[in-house]
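Before any comments, here is the structure.
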Amino acid sequence: MADIKAFRALRFDCQKAGDIVQLTCPPYDIISEQQRLEYIEKNEHNVIRLELPREGEDPYAQAGRLEQQWEEEGILKRDEQECTYIYEEEFTVKGITRSIKGIICLVKLTPFSEGVVLPHEFTLSKAKEDRFNLMKSTFCNFSQIYSLYMDDGNTRPLIEEASSGVPDQEFCDQSGIIHRLWAVADPDLAQKLSEQFKSRKLYIADGHHRYETALNFRDYAREQGLAKEGDPVDYCMMMLVDMEHPGLVVFPTHRVVTGLENFDPANALGKCSEYFELKPMDSIDNMEQVLEGLYEEGKTAFGLYMGGKGWQCLTLRDQGVMDRLLPDLSPASRHMDVTVLHTLILERLFGIDKENMANQKNLVYVKQMEEAIDAVRNGGANFAFLLNPTRVTEIRDVAAAGEKMPQKSTYFYPKLITGLVMNKLK
């Protein structure tokens, strides 16, 4: 089903551009303006000037001119041979060192309706418009879409064998994450991988906006006579990782509720008790540990923080309530923690509907538990719900059912670095 192939990547020539550490950056959508300026101050050739342009009257057009200039100056160079790029990230989570490794390649674009590349989250139109304007000006992918596949036991050994030597690039970024890249110019490897993926589906883990934009841009380029069928715009750059890779880490995204008028904590607890067993806990220090324990037991549980030293542990009494409320959804979708939280608590008990959530009128999404707690402590929020992470199997099953999760349901860690490998669409 999936059509993948090797390609000639556009990469920095570090002899001319500088240290690769100062040329790459995290994904554009998690970088503040201050961080953007700091990256540029350290090295004027940092990829952030292309991926998140803010210069000139027309930043997108400026990014296009700058990319062309860097190619002409040799700052960016295209690899002479088609390669399969093997990318590894080594990182530490809760004191445990892990690594995740996959391949960066080109994947032929297909509409979601064909069931080859499958999404799992809803997207926002503003982000897609931004990425579309950038592609129009640059004809380039500066970052990879992150997708998962189900291995049959044959692909990971191939990847490990091909990356057994010294990597072409290796460095440690500011967050302490070690990045390694192997550029493997082996047609036999590329052919074997291509054959293996012909029977597979790809599940987008991160990059829904970029994939939908790539589809729109392909159609636009054809309509405008800028490309024809079979041209590079028919493909997008992806990082493909085995869904059962032991290094996969998914973090939760917590929900902070703000701006509710006449909020009454006692009334809120009363509402929640209709469906949940409530257990008061003395200290937030054990919240993560308690929630993890319930997660391992397969229970649906949340931490509710409304201020002070303690918190409330909410455990769903009856999973059947979701079957009654959402009979048209697949079991995978309706029993997810985020679906329970959004449908049963935020919508049904507190009247925060889907449009409100999408526009973040009364709902703020935060990655760090401490940030969610501080938002309530500082008086800027009514309360916060702390979640367990979405399971990778749930992502697969929801996508396979042709459904989508609520926004901000998953946060794969670590993020893929931007600027290590780029893909020209001309």
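Residue numbering restarts at 1 for every chain of the structure tokens, chains are lettered A, B, ... in their displayed order, and ligands are numbered from 1 as they appear.
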Test item, alpha helix (DSSP H) assignment across range 340-394 of chain A, answer as JSON, numbers by chain:
{"A": [340, 354, 355, 356, 357, 358, 359, 369, 370, 371, 372, 373, 374, 375, 376, 377, 392, 393, 394]}
Okay, now the selection with N, CA and C atoms, as a PDB file, in the first residue's frame?
ATOM      1  N   VAL A 340     -13.155  10.351  26.965  1.00  0.00           N
ATOM      2  CA  VAL A 340     -13.932  10.358  28.207  1.00  0.00           C
ATOM      3  C   VAL A 340     -13.908  11.747  28.842  1.00  0.00           C
ATOM      4  N   LYS A 354     -17.311  21.388  21.666  1.00  0.00           N
ATOM      5  CA  LYS A 354     -16.172  21.131  20.773  1.00  0.00           C
ATOM      6  C   LYS A 354     -15.621  22.411  20.164  1.00  0.00           C
ATOM      7  N   GLU A 355     -16.509  23.325  19.767  1.00  0.00           N
ATOM      8  CA  GLU A 355     -16.046  24.585  19.175  1.00  0.00           C
ATOM      9  C   GLU A 355     -15.258  25.390  20.201  1.00  0.00           C
ATOM     10  N   ASN A 356     -15.741  25.415  21.426  1.00  0.00           N
ATOM     11  CA  ASN A 356     -15.037  26.099  22.509  1.00  0.00           C
ATOM     12  C   ASN A 356     -13.639  25.508  22.687  1.00  0.00           C
ATOM     13  N   MET A 357     -13.550  24.176  22.675  1.00  0.00           N
ATOM     14  CA  MET A 357     -12.254  23.517  22.846  1.00  0.00           C
ATOM     15  C   MET A 357     -11.306  23.840  21.701  1.00  0.00           C
ATOM     16  N   ALA A 358     -11.834  23.804  20.464  1.00  0.00           N
ATOM     17  CA  ALA A 358     -10.999  24.058  19.294  1.00  0.00           C
ATOM     18  C   ALA A 358     -10.455  25.478  19.308  1.00  0.00           C
ATOM     19  N   ASN A 359     -11.283  26.420  19.753  1.00  0.00           N
ATOM     20  CA  ASN A 359     -10.864  27.827  19.806  1.00  0.00           C
ATOM     21  C   ASN A 359     -10.137  28.178  21.104  1.00  0.00           C
ATOM     22  N   MET A 369       3.068  18.876  33.605  1.00  0.00           N
ATOM     23  CA  MET A 369       2.156  18.807  34.747  1.00  0.00           C
ATOM     24  C   MET A 369       2.340  20.020  35.666  1.00  0.00           C
ATOM     25  N   GLU A 370       3.608  20.405  35.870  1.00  0.00           N
ATOM     26  CA  GLU A 370       3.907  21.545  36.741  1.00  0.00           C
ATOM     27  C   GLU A 370       3.283  22.831  36.204  1.00  0.00           C
ATOM     28  N   GLU A 371       3.298  22.990  34.888  1.00  0.00           N
ATOM     29  CA  GLU A 371       2.722  24.187  34.270  1.00  0.00           C
ATOM     30  C   GLU A 371       1.213  24.238  34.498  1.00  0.00           C
ATOM     31  N   ALA A 372       0.551  23.082  34.391  1.00  0.00           N
ATOM     32  CA  ALA A 372      -0.889  23.030  34.611  1.00  0.00           C
ATOM     33  C   ALA A 372      -1.235  23.375  36.056  1.00  0.00           C
ATOM     34  N   ILE A 373      -0.468  22.828  36.978  1.00  0.00           N
ATOM     35  CA  ILE A 373      -0.708  23.093  38.404  1.00  0.00           C
ATOM     36  C   ILE A 373      -0.449  24.556  38.737  1.00  0.00           C
ATOM     37  N   ASP A 374       0.629  25.107  38.203  1.00  0.00           N
ATOM     38  CA  ASP A 374       0.958  26.519  38.462  1.00  0.00           C
ATOM     39  C   ASP A 374      -0.113  27.458  37.925  1.00  0.00           C
ATOM     40  N   ALA A 375      -0.734  27.100  36.792  1.00  0.00           N
ATOM     41  CA  ALA A 375      -1.784  27.951  36.219  1.00  0.00           C
ATOM     42  C   ALA A 375      -2.947  28.103  37.189  1.00  0.00           C
ATOM     43  N   VAL A 376      -3.263  27.047  37.934  1.00  0.00           N
ATOM     44  CA  VAL A 376      -4.345  27.103  38.925  1.00  0.00           C
ATOM     45  C   VAL A 376      -3.866  27.804  40.187  1.00  0.00           C
ATOM     46  N   ARG A 377      -2.668  27.474  40.642  1.00  0.00           N
ATOM     47  CA  ARG A 377      -2.115  28.084  41.857  1.00  0.00           C
ATOM     48  C   ARG A 377      -2.022  29.603  41.747  1.00  0.00           C
ATOM     49  N   VAL A 392      -0.063   3.796  22.229  1.00  0.00           N
ATOM     50  CA  VAL A 392       0.238   3.709  20.800  1.00  0.00           C
ATOM     51  C   VAL A 392      -0.776   2.805  20.098  1.00  0.00           C
ATOM     52  N   THR A 393      -1.198   1.754  20.753  1.00  0.00           N
ATOM     53  CA  THR A 393      -2.192   0.857  20.153  1.00  0.00           C
ATOM     54  C   THR A 393      -3.524   1.574  19.914  1.00  0.00           C
ATOM     55  N   GLU A 394      -3.847   2.532  20.784  1.00  0.00           N
ATOM     56  CA  GLU A 394      -5.080   3.301  20.594  1.00  0.00           C
ATOM     57  C   GLU A 394      -4.973   4.180  19.350  1.00  0.00           C
TER      58      GLU A 394
END
Residues near Leu291 in chain A, cut-off 10 Å, only C-alpha atoms, skip fewer than 2 positions along chain, as a PyMOL selection string:
chain A and resi 286-289+293-297+299-303+313-315+386-388
Near-range 398-412 of chain A list (9 Å; only C-alpha atoms; drop same-chain fewer than 6 positions) as a ChimeraX atom specification:
/A:112-113,115,118-123,203-206,248-254,329-333,336,338-339,342,354,357-358,365,367,389-391
Residues near Met322 in chain A, cut-off 9 Å, only C-alpha atoms, skip fewer than 4 positions along chain, as a compact mmCIF listing (two decimals) with N, CA and C atoms, in the first residue's frame:
# COMPACT_ATOMS: atom_id res chain seq x y z
N ASP A 318 -17.84 3.12 35.35
CA ASP A 318 -18.46 2.20 34.40
C ASP A 318 -18.08 2.61 32.97
N LEU A 326 -21.77 7.36 23.10
CA LEU A 326 -21.17 7.47 21.76
C LEU A 326 -21.28 6.14 21.02
N PRO A 327 -22.47 5.67 20.77
CA PRO A 327 -22.64 4.35 20.14
C PRO A 327 -22.11 4.29 18.71
N PRO A 331 -15.09 1.28 19.48
CA PRO A 331 -14.67 1.11 20.88
C PRO A 331 -13.33 1.78 21.17
N ARG A 334 -14.11 5.63 21.65
CA ARG A 334 -14.97 6.08 22.76
C ARG A 334 -14.42 5.75 24.14
N HIS A 335 -13.46 4.83 24.21
CA HIS A 335 -12.92 4.47 25.53
C HIS A 335 -11.56 5.12 25.81
N THR A 339 -11.18 11.09 25.16
CA THR A 339 -12.58 11.10 24.74
C THR A 339 -13.49 11.14 25.96
N VAL A 340 -13.16 10.35 26.97
CA VAL A 340 -13.93 10.36 28.21
C VAL A 340 -13.91 11.75 28.84
N THR A 343 -15.85 14.32 26.42
CA THR A 343 -17.29 14.08 26.26
C THR A 343 -18.03 14.08 27.59
N LEU A 344 -17.51 13.32 28.53
CA LEU A 344 -18.23 13.10 29.78
C LEU A 344 -18.09 14.25 30.77
List every residue of range 124-189 of chain A that has an atom at most 8 Å from any atom of range 4-25 of chain A, and for each one report the closest atom pair and its distance in Å to one decimal, counting only C-alpha atoms, with rows sorted by chain and then by increasing residue number, as CSV.
residue,atom,partner,partner_atom,distance
A:Phe171,CA,A:Val21,CA,6.7
A:Cys172,CA,A:Val21,CA,7.3
A:Asp173,CA,A:Val21,CA,6.1
Output of the above residues as a compact mmCIF listing (two decimals), in the first residue's frame, restricted to C-alpha atoms:
# COMPACT_ATOMS: atom_id res chain seq x y z
CA PHE A 171 25.73 15.66 17.93
CA CYS A 172 24.04 16.54 21.21
CA ASP A 173 21.53 19.40 21.21
Using only C-alpha atoms, determine which residues lie at most 8 Å from range 61-73 of chain A, disregarding the query and same-chain residues fewer than 3 positions distant; provide the list as an NGL selection string.
:A and (49-51 or 53 or 55-56 or 58 or 76-77 or 134 or 137-139)
